[in-house]
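Undergrad: I'd like to ask some things about the structure below.
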2 protein chains.
Amino acid sequence: MTSQPAFRRVEPDARRASLIEACARVLAREGAAGASVRAIALEAGVSPGLVGHHFGGVDALIAATYAQVEAQVSAALDAAVAAAGPDPRARLNAYVSANLLPPIADNALLSTWIAFWSLVRARPEIARLHDEQYGRFRAGLEALLAEAGVPSPALRRTAIAATALVDGLWLELCLSPHTFARGEAAQIAREGLAGLTSTGR
Amino acid sequence: MTSQPAFRRVEPDARRASLIEACARVLAREGAAGASVRAIALEAGVSPGLVGHHFGGVDALIAATYAQVEAQVSAALDAAVAAAGPDPRARLNAYVSANLLPPIADNALLSTWIAFWSLVRARPEIARLHDEQYGRFRAGLEALLAEAGVPSPALRRTAIAATALVDGLWLELCLSPHTFARGEAAQIAREGLAGLTSTGR
DNA sequence: TCGCTTGCTGAACGATCGTATAACAAGCGC
DNA sequence: GCGCTTGTTATACGATCGTTCAGCAAGCGA
């Protein structure tokens, strides 16, 4: 009888990806407070030492997870805009409401994101990542607003307001999911965006 | 030579208040992860055992701190509305923009609030407090929106959108304070509110 | 089949966590 | 001035935290 291997060797990139996914799941399930090295390693089915081996420390793993989740969100937004066709207004609406519809408005993803927010003030590395992410999101929004005819002077403020609207809806969707449904949030975001752009001067 | 007392006896209510204030300061400075019993006790200048003695556990202290901070914010909002005079539109504007001006838009208060958010998913008690707080805020907003002439069918959605706008601006003000100034945030909120209510049907 | 590279394990370390508890002492009532 | 109440301290406990590291073993190449 041949005993099966006690563990499988995986190439570094694949193992890192597996740890990142496990970290995201733990963050979603237990919040930032529960994202310990041991909990993440258990979730990934590996030993705690592997986290230090591949990332050097748990902070770097969390930062990598942030970057990974953000890349997924960004890709989903780009896809939504591309699928919306050529009409500028439709592209703008798609960009905004995609944040509040699947696959972005997933409970696990929302929880992951708020766990990151809670780390921003304590970890300068996370804060830097957040600033970059926020900047990219707002830049994308400003470009779509410009396409949709929002005049240049109002661009910055309209983009900030729309970003805040989306973030606020996203936040409440995460904190108390029973207040309103995902579909309603997307509709509120679309209506709100219409209001924000109609009076933007 | 008379040696001075090693500590002062304080009546329970006053000591509890002192611990709550210390908890808020620690949450603001170090985030939820740093709000340990020992850190809070050190901040308050007492021994760690006092937290258990007066609150039973650190969770109850954090919940009490949440309730206390919320009461302060609520009082500041009421005061802002009262100071705005009788005009419905002015009262509505005061309610919204007061969230983004001193004393509410204080860095410590903002950090405290986001630390609470990060605890909502992990602690059901905190989640319940959040739901109550959010409900009160939205109810207050709906009343002011009704005064300002927003028709009843649009009331709920408009209030949700305005709350999200304020929360989003508040969040970004906390996460990266250099993106925009407090005064600009309040102005964006006022303009955004005008847009939200003008198209609300 | 054997050796070598290296991904991986698992135990151990010191620090810090929340909580419980026995002893102490501040300060009021008498 | 003195005892009593009780707010407060200090310590101890077990659990869990992040990190380190010596050694095992998986699986490829020869």
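Scheme for the structure tokens: letters A, B, ... for chains in order shown; per-chain residue numbers from 1; ligand numbers from 1 in order shown.
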Between chain B and chain D, at 8 Å or less, what are the per-residue closest atom pairs and their distances in Å? Count only C-alpha atoms (C1' of nucleotides), order by chain and rising residue number, and return it as JSON lines.
TA:
```
{"residue": "B:Phe7", "atom": "CA", "partner": "D:DT8", "partner_atom": "C1'", "distance": 7.5}
{"residue": "B:Arg9", "atom": "CA", "partner": "D:DG7", "partner_atom": "C1'", "distance": 5.7}
{"residue": "B:Val10", "atom": "CA", "partner": "D:DG7", "partner_atom": "C1'", "distance": 7.2}
{"residue": "B:Glu11", "atom": "CA", "partner": "D:DG7", "partner_atom": "C1'", "distance": 7.9}
{"residue": "B:Ser47", "atom": "CA", "partner": "D:DT9", "partner_atom": "C1'", "distance": 6.5}
{"residue": "B:Gly49", "atom": "CA", "partner": "D:DT9", "partner_atom": "C1'", "distance": 7.8}
{"residue": "B:Leu50", "atom": "CA", "partner": "D:DT8", "partner_atom": "C1'", "distance": 7.2}
```
Undergrad: Please save N, CA and C atoms of the selected residues as a PDB file, in the first residue's frame.
TA:
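Result file is selection33.pdb:
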```pdb
ATOM      1  N   PHE B   7      -3.856  56.523  43.909  1.00  0.00           N
ATOM      2  CA  PHE B   7      -4.927  56.653  42.910  1.00  0.00           C
ATOM      3  C   PHE B   7      -6.094  57.393  43.547  1.00  0.00           C
ATOM      4  N   ARG B   9     -10.254  57.642  43.956  1.00  0.00           N
ATOM      5  CA  ARG B   9     -11.549  56.987  43.789  1.00  0.00           C
ATOM      6  C   ARG B   9     -12.483  57.930  43.048  1.00  0.00           C
ATOM      7  N   VAL B  10     -13.154  57.417  42.032  1.00  0.00           N
ATOM      8  CA  VAL B  10     -14.082  58.225  41.246  1.00  0.00           C
ATOM      9  C   VAL B  10     -15.403  57.466  41.198  1.00  0.00           C
ATOM     10  N   GLU B  11     -16.484  58.202  41.208  1.00  0.00           N
ATOM     11  CA  GLU B  11     -17.754  57.498  41.182  1.00  0.00           C
ATOM     12  C   GLU B  11     -17.968  56.829  39.818  1.00  0.00           C
ATOM     13  N   SER B  47      -5.671  51.078  35.696  1.00  0.00           N
ATOM     14  CA  SER B  47      -5.168  49.730  35.467  1.00  0.00           C
ATOM     15  C   SER B  47      -6.135  48.953  34.579  1.00  0.00           C
ATOM     16  N   GLY B  49      -7.550  46.176  34.801  1.00  0.00           N
ATOM     17  CA  GLY B  49      -8.666  45.492  35.432  1.00  0.00           C
ATOM     18  C   GLY B  49      -9.936  46.329  35.506  1.00  0.00           C
ATOM     19  N   LEU B  50      -9.778  47.654  35.467  1.00  0.00           N
ATOM     20  CA  LEU B  50     -10.951  48.521  35.618  1.00  0.00           C
ATOM     21  C   LEU B  50     -11.941  48.368  34.471  1.00  0.00           C
TER      22      LEU B  50
END
```
Undergrad: Within 12 Å of Ala71 (chain B), counting only C-alpha atoms (C1' of nucleotides), which residues show up once you throw out same-chain ones fewer than 3 positions away? Write them as a PDB file with N, CA and C atoms, in the first residue's frame, please.
TA:
```
ATOM      1  N   ALA B  64     -20.361  50.877  24.071  1.00  0.00           N
ATOM      2  CA  ALA B  64     -20.736  52.101  24.790  1.00  0.00           C
ATOM      3  C   ALA B  64     -20.087  53.318  24.144  1.00  0.00           C
ATOM      4  N   THR B  65     -18.865  53.146  23.673  1.00  0.00           N
ATOM      5  CA  THR B  65     -18.177  54.263  23.016  1.00  0.00           C
ATOM      6  C   THR B  65     -18.883  54.635  21.718  1.00  0.00           C
ATOM      7  N   TYR B  66     -19.326  53.613  20.992  1.00  0.00           N
ATOM      8  CA  TYR B  66     -20.081  53.858  19.768  1.00  0.00           C
ATOM      9  C   TYR B  66     -21.330  54.682  20.088  1.00  0.00           C
ATOM     10  N   ALA B  67     -22.061  54.231  21.077  1.00  0.00           N
ATOM     11  CA  ALA B  67     -23.298  54.919  21.432  1.00  0.00           C
ATOM     12  C   ALA B  67     -23.022  56.367  21.838  1.00  0.00           C
ATOM     13  N   GLN B  68     -21.938  56.568  22.558  1.00  0.00           N
ATOM     14  CA  GLN B  68     -21.582  57.906  23.034  1.00  0.00           C
ATOM     15  C   GLN B  68     -21.213  58.839  21.875  1.00  0.00           C
ATOM     16  N   SER B  74     -25.232  63.156  16.768  1.00  0.00           N
ATOM     17  CA  SER B  74     -26.646  63.457  16.633  1.00  0.00           C
ATOM     18  C   SER B  74     -26.986  64.820  17.226  1.00  0.00           C
ATOM     19  N   ALA B  75     -26.398  65.099  18.390  1.00  0.00           N
ATOM     20  CA  ALA B  75     -26.655  66.403  19.022  1.00  0.00           C
ATOM     21  C   ALA B  75     -26.112  67.534  18.167  1.00  0.00           C
ATOM     22  N   ALA B  76     -24.932  67.332  17.581  1.00  0.00           N
ATOM     23  CA  ALA B  76     -24.341  68.379  16.743  1.00  0.00           C
ATOM     24  C   ALA B  76     -25.205  68.634  15.504  1.00  0.00           C
ATOM     25  N   LEU B  77     -25.777  67.558  14.950  1.00  0.00           N
ATOM     26  CA  LEU B  77     -26.644  67.720  13.786  1.00  0.00           C
ATOM     27  C   LEU B  77     -27.904  68.483  14.161  1.00  0.00           C
ATOM     28  N   ASP B  78     -28.505  68.114  15.290  1.00  0.00           N
ATOM     29  CA  ASP B  78     -29.704  68.815  15.735  1.00  0.00           C
ATOM     30  C   ASP B  78     -29.425  70.301  15.956  1.00  0.00           C
ATOM     31  N   ILE B 104     -18.014  67.680  13.639  1.00  0.00           N
ATOM     32  CA  ILE B 104     -18.202  66.281  13.254  1.00  0.00           C
ATOM     33  C   ILE B 104     -17.076  65.800  12.353  1.00  0.00           C
ATOM     34  N   LEU B 129     -26.351  48.285  16.878  1.00  0.00           N
ATOM     35  CA  LEU B 129     -26.197  49.718  17.127  1.00  0.00           C
ATOM     36  C   LEU B 129     -26.088  50.484  15.810  1.00  0.00           C
ATOM     37  N   GLU B 132     -29.507  50.847  14.150  1.00  0.00           N
ATOM     38  CA  GLU B 132     -30.315  51.870  14.823  1.00  0.00           C
ATOM     39  C   GLU B 132     -29.841  53.270  14.443  1.00  0.00           C
ATOM     40  N   GLN B 133     -28.524  53.454  14.452  1.00  0.00           N
ATOM     41  CA  GLN B 133     -27.976  54.770  14.136  1.00  0.00           C
ATOM     42  C   GLN B 133     -28.311  55.181  12.713  1.00  0.00           C
ATOM     43  N   ARG B 136     -31.933  56.127  12.400  1.00  0.00           N
ATOM     44  CA  ARG B 136     -32.226  57.459  12.935  1.00  0.00           C
ATOM     45  C   ARG B 136     -31.776  58.553  11.977  1.00  0.00           C
ATOM     46  N   PHE B 137     -30.560  58.390  11.440  1.00  0.00           N
ATOM     47  CA  PHE B 137     -30.038  59.412  10.527  1.00  0.00           C
ATOM     48  C   PHE B 137     -30.943  59.550   9.304  1.00  0.00           C
TER      49      PHE B 137
END
```
Undergrad: After superposing chain A onto chain B (least squares, all C-alpha atoms, pairing by order), export the transformed chain as a JSON list (two decimals) with C-alpha atoms, in the first residue's frame.
TA:
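Below is the file part_25.json, written as the result:
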```json
[["chain", "number", "residue", "atom", "x", "y", "z"],
["A", 1, "MET", "CA", 6.18, 64.31, 54.34],
["A", 2, "THR", "CA", 2.78, 63.05, 53.32],
["A", 3, "SER", "CA", 2.83, 60.82, 50.24],
["A", 4, "GLN", "CA", 0.07, 61.61, 47.78],
["A", 5, "PRO", "CA", -2.58, 58.92, 47.10],
["A", 6, "ALA", "CA", -1.65, 56.23, 44.61],
["A", 7, "PHE", "CA", -5.00, 56.61, 42.86],
["A", 8, "ARG", "CA", -8.25, 58.54, 43.13],
["A", 9, "ARG", "CA", -11.61, 57.01, 43.75],
["A", 10, "VAL", "CA", -14.13, 58.26, 41.21],
["A", 11, "GLU", "CA", -17.81, 57.52, 41.13],
["A", 12, "PRO", "CA", -18.74, 54.83, 38.59],
["A", 13, "ASP", "CA", -20.49, 57.06, 36.06],
["A", 14, "ALA", "CA", -17.60, 59.49, 35.84],
["A", 15, "ARG", "CA", -15.07, 56.67, 35.55],
["A", 16, "ARG", "CA", -17.09, 55.01, 32.82],
["A", 17, "ALA", "CA", -17.20, 58.29, 30.93],
["A", 18, "SER", "CA", -13.45, 58.66, 31.30],
["A", 19, "LEU", "CA", -12.88, 55.15, 29.93],
["A", 20, "ILE", "CA", -15.21, 55.83, 27.01],
["A", 21, "GLU", "CA", -13.28, 58.96, 26.12],
["A", 22, "ALA", "CA", -9.99, 57.08, 26.33],
["A", 23, "CYS", "CA", -11.41, 54.33, 24.12],
["A", 24, "ALA", "CA", -12.44, 56.88, 21.50],
["A", 25, "ARG", "CA", -8.99, 58.43, 21.51],
["A", 26, "VAL", "CA", -7.29, 55.06, 21.06],
["A", 27, "LEU", "CA", -9.67, 54.04, 18.28],
["A", 28, "ALA", "CA", -8.92, 57.32, 16.52],
["A", 29, "ARG", "CA", -5.18, 57.03, 16.90],
["A", 30, "GLU", "CA", -4.55, 53.33, 16.27],
["A", 31, "GLY", "CA", -7.69, 51.93, 14.70],
["A", 32, "ALA", "CA", -9.75, 48.98, 15.82],
["A", 33, "ALA", "CA", -6.75, 46.66, 15.87],
["A", 34, "GLY", "CA", -4.99, 48.75, 18.50],
["A", 35, "ALA", "CA", -7.93, 49.17, 20.85],
["A", 36, "SER", "CA", -6.79, 46.65, 23.44],
["A", 37, "VAL", "CA", -7.79, 46.68, 27.07],
["A", 38, "ARG", "CA", -4.28, 47.61, 28.12],
["A", 39, "ALA", "CA", -3.93, 50.42, 25.59],
["A", 40, "ILE", "CA", -7.26, 51.92, 26.63],
["A", 41, "ALA", "CA", -6.46, 51.61, 30.34],
["A", 42, "LEU", "CA", -3.07, 53.23, 29.80],
["A", 43, "GLU", "CA", -4.71, 56.07, 27.87],
["A", 44, "ALA", "CA", -7.17, 56.59, 30.73],
["A", 45, "GLY", "CA", -4.43, 56.35, 33.34],
["A", 46, "VAL", "CA", -5.96, 53.40, 35.16],
["A", 47, "SER", "CA", -5.22, 49.71, 35.51],
["A", 48, "PRO", "CA", -6.45, 47.17, 32.95],
["A", 49, "GLY", "CA", -8.69, 45.50, 35.48],
["A", 50, "LEU", "CA", -10.98, 48.52, 35.62],
["A", 51, "VAL", "CA", -12.33, 47.87, 32.15],
["A", 52, "GLY", "CA", -13.65, 44.50, 33.20],
["A", 53, "HIS", "CA", -14.89, 45.95, 36.46],
["A", 54, "HIS", "CA", -17.01, 48.68, 34.91],
["A", 55, "PHE", "CA", -18.00, 47.18, 31.57],
["A", 56, "GLY", "CA", -17.62, 43.42, 31.95],
["A", 57, "GLY", "CA", -15.53, 43.18, 28.81],
["A", 58, "VAL", "CA", -13.90, 45.19, 26.09],
["A", 59, "ASP", "CA", -16.74, 44.56, 23.64],
["A", 60, "ALA", "CA", -19.20, 46.33, 25.91],
["A", 61, "LEU", "CA", -16.82, 49.26, 26.28],
["A", 62, "ILE", "CA", -16.49, 49.61, 22.52],
["A", 63, "ALA", "CA", -20.25, 49.42, 22.10],
["A", 64, "ALA", "CA", -20.71, 52.09, 24.76],
["A", 65, "THR", "CA", -18.15, 54.26, 23.00],
["A", 66, "TYR", "CA", -20.05, 53.86, 19.73],
["A", 67, "ALA", "CA", -23.27, 54.92, 21.42],
["A", 68, "GLN", "CA", -21.56, 57.90, 23.02],
["A", 69, "VAL", "CA", -19.94, 59.15, 19.82],
["A", 70, "GLU", "CA", -23.20, 58.74, 17.95],
["A", 71, "ALA", "CA", -25.02, 60.77, 20.57],
["A", 72, "GLN", "CA", -22.50, 63.57, 20.16],
["A", 73, "VAL", "CA", -22.89, 63.52, 16.39],
["A", 74, "SER", "CA", -26.65, 63.45, 16.63],
["A", 75, "ALA", "CA", -26.65, 66.39, 19.03],
["A", 76, "ALA", "CA", -24.34, 68.38, 16.76],
["A", 77, "LEU", "CA", -26.65, 67.73, 13.79],
["A", 78, "ASP", "CA", -29.71, 68.82, 15.76],
["A", 79, "ALA", "CA", -27.90, 71.96, 16.83],
["A", 80, "ALA", "CA", -26.91, 72.73, 13.24],
["A", 81, "VAL", "CA", -30.51, 72.35, 12.06],
["A", 82, "ALA", "CA", -31.80, 74.52, 14.89],
["A", 83, "ALA", "CA", -29.26, 77.22, 14.08],
["A", 84, "ALA", "CA", -30.26, 77.23, 10.41],
["A", 85, "GLY", "CA", -33.54, 79.00, 11.06],
["A", 86, "PRO", "CA", -36.99, 78.22, 9.73],
["A", 87, "ASP", "CA", -36.33, 77.86, 6.00],
["A", 88, "PRO", "CA", -36.79, 74.16, 5.07],
["A", 89, "ARG", "CA", -34.08, 74.19, 2.43],
["A", 90, "ALA", "CA", -31.58, 75.82, 4.74],
["A", 91, "ARG", "CA", -32.39, 73.29, 7.46],
["A", 92, "LEU", "CA", -31.84, 70.42, 5.04],
["A", 93, "ASN", "CA", -28.54, 71.85, 3.86],
["A", 94, "ALA", "CA", -27.43, 72.37, 7.42],
["A", 95, "TYR", "CA", -28.22, 68.77, 8.33],
["A", 96, "VAL", "CA", -26.20, 67.39, 5.44],
["A", 97, "SER", "CA", -23.21, 69.68, 5.41],
["A", 98, "ALA", "CA", -22.81, 69.65, 9.19],
["A", 99, "ASN", "CA", -21.60, 66.09, 8.78],
["A", 100, "LEU", "CA", -18.61, 67.36, 6.84],
["A", 101, "LEU", "CA", -17.71, 70.37, 8.94],
["A", 102, "PRO", "CA", -16.30, 70.70, 12.44],
["A", 103, "PRO", "CA", -16.94, 69.44, 15.00],
["A", 104, "ILE", "CA", -18.20, 66.28, 13.27],
["A", 105, "ALA", "CA", -15.61, 66.21, 10.50],
["A", 106, "ASP", "CA", -12.87, 65.91, 13.07],
["A", 107, "ASN", "CA", -10.07, 63.54, 12.17],
["A", 108, "ALA", "CA", -10.32, 61.67, 15.45],
["A", 109, "LEU", "CA", -14.07, 61.31, 15.12],
["A", 110, "LEU", "CA", -13.80, 60.08, 11.54],
["A", 111, "SER", "CA", -11.23, 57.49, 12.50],
["A", 112, "THR", "CA", -13.33, 56.38, 15.40],
["A", 113, "TRP", "CA", -16.31, 55.92, 13.15],
["A", 114, "ILE", "CA", -14.48, 53.83, 10.55],
["A", 115, "ALA", "CA", -13.07, 51.68, 13.32],
["A", 116, "PHE", "CA", -16.65, 50.99, 14.36],
["A", 117, "TRP", "CA", -17.59, 50.08, 10.81],
["A", 118, "SER", "CA", -14.81, 47.55, 10.76],
["A", 119, "LEU", "CA", -16.33, 45.89, 13.81],
["A", 120, "VAL", "CA", -19.90, 45.72, 12.49],
["A", 121, "ARG", "CA", -19.46, 42.46, 10.64],
["A", 122, "ALA", "CA", -17.72, 40.69, 13.49],
["A", 123, "ARG", "CA", -19.82, 41.85, 16.45],
["A", 124, "PRO", "CA", -23.62, 41.47, 16.29],
["A", 125, "GLU", "CA", -24.02, 43.97, 19.13],
["A", 126, "ILE", "CA", -22.17, 46.61, 17.12],
["A", 127, "ALA", "CA", -24.23, 45.71, 14.06],
["A", 128, "ARG", "CA", -27.45, 46.32, 15.97],
["A", 129, "LEU", "CA", -26.19, 49.71, 17.14],
["A", 130, "HIS", "CA", -25.24, 50.59, 13.58],
["A", 131, "ASP", "CA", -28.66, 49.70, 12.23],
["A", 132, "GLU", "CA", -30.32, 51.88, 14.84],
["A", 133, "GLN", "CA", -27.98, 54.78, 14.14],
["A", 134, "TYR", "CA", -28.40, 54.54, 10.40],
["A", 135, "GLY", "CA", -32.16, 54.36, 10.80],
["A", 136, "ARG", "CA", -32.23, 57.47, 12.97],
["A", 137, "PHE", "CA", -30.04, 59.42, 10.54],
["A", 138, "ARG", "CA", -32.17, 58.48, 7.56],
["A", 139, "ALA", "CA", -35.39, 59.20, 9.43],
["A", 140, "GLY", "CA", -34.13, 62.67, 10.29],
["A", 141, "LEU", "CA", -33.16, 63.23, 6.70],
["A", 142, "GLU", "CA", -36.51, 62.03, 5.38],
["A", 143, "ALA", "CA", -38.32, 64.45, 7.67],
["A", 144, "LEU", "CA", -36.24, 67.38, 6.43],
["A", 145, "LEU", "CA", -36.65, 66.28, 2.81],
["A", 146, "ALA", "CA", -40.41, 66.16, 3.28],
["A", 147, "GLU", "CA", -40.35, 69.69, 4.74],
["A", 148, "ALA", "CA", -38.33, 70.82, 1.75],
["A", 149, "GLY", "CA", -41.01, 69.56, -0.61],
["A", 150, "VAL", "CA", -39.65, 66.23, -1.83],
["A", 151, "PRO", "CA", -42.69, 64.16, -2.77],
["A", 152, "SER", "CA", -43.47, 61.16, -0.64],
["A", 153, "PRO", "CA", -42.77, 58.38, -3.17],
["A", 154, "ALA", "CA", -39.21, 59.60, -3.74],
["A", 155, "LEU", "CA", -38.54, 60.20, -0.05],
["A", 156, "ARG", "CA", -36.96, 56.89, 0.79],
["A", 157, "ARG", "CA", -34.66, 56.68, -2.20],
["A", 158, "THR", "CA", -33.59, 60.30, -1.99],
["A", 159, "ALA", "CA", -32.76, 59.87, 1.67],
["A", 160, "ILE", "CA", -30.74, 56.73, 0.96],
["A", 161, "ALA", "CA", -28.85, 58.47, -1.82],
["A", 162, "ALA", "CA", -28.12, 61.54, 0.28],
["A", 163, "THR", "CA", -26.99, 59.40, 3.19],
["A", 164, "ALA", "CA", -24.70, 57.47, 0.88],
["A", 165, "LEU", "CA", -23.28, 60.70, -0.51],
["A", 166, "VAL", "CA", -22.48, 61.99, 2.96],
["A", 167, "ASP", "CA", -21.07, 58.66, 4.13],
["A", 168, "GLY", "CA", -18.91, 58.34, 1.04],
["A", 169, "LEU", "CA", -17.49, 61.84, 1.40],
["A", 170, "TRP", "CA", -16.94, 61.23, 5.08],
["A", 171, "LEU", "CA", -15.19, 57.98, 4.35],
["A", 172, "GLU", "CA", -12.81, 59.45, 1.80],
["A", 173, "LEU", "CA", -12.15, 62.42, 4.06],
["A", 174, "CYS", "CA", -11.00, 59.90, 6.63],
["A", 175, "LEU", "CA", -9.05, 57.51, 4.41],
["A", 176, "SER", "CA", -7.05, 60.07, 2.46],
["A", 177, "PRO", "CA", -7.44, 63.52, 3.98],
["A", 178, "HIS", "CA", -5.30, 65.14, 1.30],
["A", 179, "THR", "CA", -7.67, 64.34, -1.58],
["A", 180, "PHE", "CA", -9.93, 67.25, -0.74],
["A", 181, "ALA", "CA", -10.47, 69.67, 2.12],
["A", 182, "ARG", "CA", -13.30, 69.57, 4.61],
["A", 183, "GLY", "CA", -14.84, 72.73, 3.27],
["A", 184, "GLU", "CA", -14.80, 71.38, -0.27],
["A", 185, "ALA", "CA", -16.49, 68.19, 0.91],
["A", 186, "ALA", "CA", -19.31, 70.18, 2.47],
["A", 187, "GLN", "CA", -19.72, 72.19, -0.71],
["A", 188, "ILE", "CA", -19.80, 69.04, -2.84],
["A", 189, "ALA", "CA", -22.40, 67.60, -0.50],
["A", 190, "ARG", "CA", -24.61, 70.68, -0.82],
["A", 191, "GLU", "CA", -24.36, 70.71, -4.62],
["A", 192, "GLY", "CA", -24.97, 67.01, -4.76],
["A", 193, "LEU", "CA", -28.00, 67.30, -2.54],
["A", 194, "ALA", "CA", -29.41, 69.95, -4.85],
["A", 195, "GLY", "CA", -28.99, 67.57, -7.75],
["A", 196, "LEU", "CA", -30.52, 64.65, -5.92],
["A", 197, "THR", "CA", -33.61, 66.59, -4.92],
["A", 198, "SER", "CA", -34.13, 68.41, -8.21],
["A", 199, "THR", "CA", -34.65, 65.25, -10.22],
["A", 200, "GLY", "CA", -36.32, 63.23, -7.46],
["A", 201, "ARG", "CA", -39.76, 62.34, -8.64]]
```
Undergrad: Of the residues C:DC17, C:DC30, C:DA11, C:DC2, which is the one nearest to chain B, using only C-alpha atoms (C1' of nucleotides)?
TA: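 For chain B, the nearest of the candidates is C:DC17.
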Undergrad: As number ranges by chain, please: every residue in region 22-124 of chain A that DSSP puts in alpha helix (DSSP H).
TA: A: 22-30, 37-44, 49-55, 58-83, 88-97, 107-120, 124
Undergrad: Using only C-alpha atoms (C1' of nucleotides), I'd like a table of the residues in chain C that come within 9 Å of chain B; for each, show the closest atom pair and its distance in Å rounded to one decimal, ordered by chain and ascending number, as a tab-separated table.
TA:
```
residue	atom	partner	partner_atom	distance
C:DC17	C1'	B:Ser36	CA	7.7
C:DG18	C1'	B:Val37	CA	7.5
C:DT19	C1'	B:Gly52	CA	7.5
C:DA25	C1'	B:Ala6	CA	8.6
C:DA26	C1'	B:Arg9	CA	6.2
C:DG27	C1'	B:Arg9	CA	8.0
```
